[in-house]
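Okay, structure first, notes after.
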Amino acid sequence: MNNFEKIRIETATIEGMAKLFLSSDWEGKGKTFSEHAAQYFKSEEEAIKAEIKWLQQKNMDEEDDFKINQSMKNSVFLLPCDKVWYIVDQGTMFATIMRKDIRDLTLYEIDKIDIDGRYWSSEEKATENLKKE
């Protein structure tokens with residue numbers, strides 16, 4: 001059995017993983033330092049318990065993040081329209097209206113459709129704005 005196999009077997013359990021984050025007291029006082037708890041413990045068992053608690057909390061946080069990401073993937077966002085219109089060469093005699101898919105916009109830009117004068121939800125609104133100039 002080589003070193004990699006030993007490490008794999010030792011870290012197969014949460015206790016084995018916790019032991020990886022422990023170190024002995026460099027002053028020789030017989031205490032054990034827990035890296036994630038950031039403190040010394042009187043016994044190795046206490047330090048292992050602190051590391052296990054940290055690993056379990058980290059695992060729960062990762063599961064929560066995964067659930068949030070999955071729920072966002074399954075969410076339905078209602079968009080105000082399929083296409084948006086915008087003015088190209090605004091302020092020149094060559095100004096014209098062009099169209100693009102709404103999915104090409106950022107959420108901030110979608111929120112500002114028909115409000116800030118950059119994108120419009122219909123060709124008529126864009127044409128009206130072009131004629132104003």
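Each chain of the structure tokens is named A, B, ... in the order shown, its residues numbered from 1; ligands are numbered from 1 in display order.
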
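Excluding stretch 93-107 of chain A itself and any same-chain residue fewer than 4 positions from it, the protein and nucleic acid residues within 9 Å of it, counting only C-alpha atoms, are Leu79, Pro80, Cys81, Asp82, Lys83, Val84, Trp85, Tyr86, Ile87, Val88, Asp89, Asp111, Lys112, Glu123, Ala126, Thr127 and Leu130 of chain A.
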
For the selection you just gave me, I'd like the residues written to a file as a PDB file, in the first residue's frame, keeping N, CA and C atoms.
```pdb
ATOM      1  N   LEU A  79     -40.307  37.770 -18.336  1.00  0.00           N
ATOM      2  CA  LEU A  79     -39.678  38.895 -19.007  1.00  0.00           C
ATOM      3  C   LEU A  79     -40.754  39.766 -19.635  1.00  0.00           C
ATOM      4  N   PRO A  80     -40.533  41.058 -19.703  1.00  0.00           N
ATOM      5  CA  PRO A  80     -41.566  41.949 -20.232  1.00  0.00           C
ATOM      6  C   PRO A  80     -41.837  41.782 -21.727  1.00  0.00           C
ATOM      7  N   CYS A  81     -40.874  41.240 -22.463  1.00  0.00           N
ATOM      8  CA  CYS A  81     -41.040  41.047 -23.906  1.00  0.00           C
ATOM      9  C   CYS A  81     -39.980  40.062 -24.395  1.00  0.00           C
ATOM     10  N   ASP A  82     -40.088  39.645 -25.650  1.00  0.00           N
ATOM     11  CA  ASP A  82     -39.105  38.734 -26.223  1.00  0.00           C
ATOM     12  C   ASP A  82     -37.939  39.478 -26.867  1.00  0.00           C
ATOM     13  N   LYS A  83     -38.253  40.576 -27.516  1.00  0.00           N
ATOM     14  CA  LYS A  83     -37.249  41.382 -28.213  1.00  0.00           C
ATOM     15  C   LYS A  83     -37.260  42.793 -27.653  1.00  0.00           C
ATOM     16  N   VAL A  84     -36.125  43.463 -27.765  1.00  0.00           N
ATOM     17  CA  VAL A  84     -36.045  44.873 -27.389  1.00  0.00           C
ATOM     18  C   VAL A  84     -35.500  45.652 -28.581  1.00  0.00           C
ATOM     19  N   TRP A  85     -35.863  46.919 -28.629  1.00  0.00           N
ATOM     20  CA  TRP A  85     -35.415  47.783 -29.705  1.00  0.00           C
ATOM     21  C   TRP A  85     -34.544  48.879 -29.117  1.00  0.00           C
ATOM     22  N   TYR A  86     -33.532  49.280 -29.878  1.00  0.00           N
ATOM     23  CA  TYR A  86     -32.632  50.338 -29.433  1.00  0.00           C
ATOM     24  C   TYR A  86     -32.213  51.171 -30.641  1.00  0.00           C
ATOM     25  N   ILE A  87     -31.731  52.375 -30.366  1.00  0.00           N
ATOM     26  CA  ILE A  87     -31.346  53.296 -31.432  1.00  0.00           C
ATOM     27  C   ILE A  87     -29.835  53.219 -31.629  1.00  0.00           C
ATOM     28  N   VAL A  88     -29.435  53.074 -32.891  1.00  0.00           N
ATOM     29  CA  VAL A  88     -28.026  53.046 -33.275  1.00  0.00           C
ATOM     30  C   VAL A  88     -27.691  54.400 -33.905  1.00  0.00           C
ATOM     31  N   ASP A  89     -26.506  54.885 -33.651  1.00  0.00           N
ATOM     32  CA  ASP A  89     -26.047  56.187 -34.187  1.00  0.00           C
ATOM     33  C   ASP A  89     -26.978  57.309 -33.766  1.00  0.00           C
ATOM     34  N   ASP A 111     -34.423  45.659 -16.259  1.00  0.00           N
ATOM     35  CA  ASP A 111     -35.184  46.446 -15.293  1.00  0.00           C
ATOM     36  C   ASP A 111     -35.429  47.875 -15.794  1.00  0.00           C
ATOM     37  N   LYS A 112     -34.555  48.391 -16.655  1.00  0.00           N
ATOM     38  CA  LYS A 112     -34.646  49.779 -17.137  1.00  0.00           C
ATOM     39  C   LYS A 112     -35.308  49.913 -18.513  1.00  0.00           C
ATOM     40  N   GLU A 123     -41.364  48.351 -31.007  1.00  0.00           N
ATOM     41  CA  GLU A 123     -40.757  49.136 -32.078  1.00  0.00           C
ATOM     42  C   GLU A 123     -41.395  50.522 -32.154  1.00  0.00           C
ATOM     43  N   ALA A 126     -39.768  52.881 -29.651  1.00  0.00           N
ATOM     44  CA  ALA A 126     -38.439  53.272 -30.114  1.00  0.00           C
ATOM     45  C   ALA A 126     -38.538  54.280 -31.257  1.00  0.00           C
ATOM     46  N   THR A 127     -39.489  54.070 -32.159  1.00  0.00           N
ATOM     47  CA  THR A 127     -39.686  54.999 -33.274  1.00  0.00           C
ATOM     48  C   THR A 127     -40.101  56.372 -32.761  1.00  0.00           C
ATOM     49  N   LEU A 130     -37.127  58.089 -31.453  1.00  0.00           N
ATOM     50  CA  LEU A 130     -36.224  58.489 -32.531  1.00  0.00           C
ATOM     51  C   LEU A 130     -36.714  59.773 -33.196  1.00  0.00           C
TER      52      LEU A 130
END
```

Among A:Ser43, A:Ser122, A:Glu15, A:Lys131, A:Gly91 is approached most closely, using only C-alpha atoms, by A:Lys131
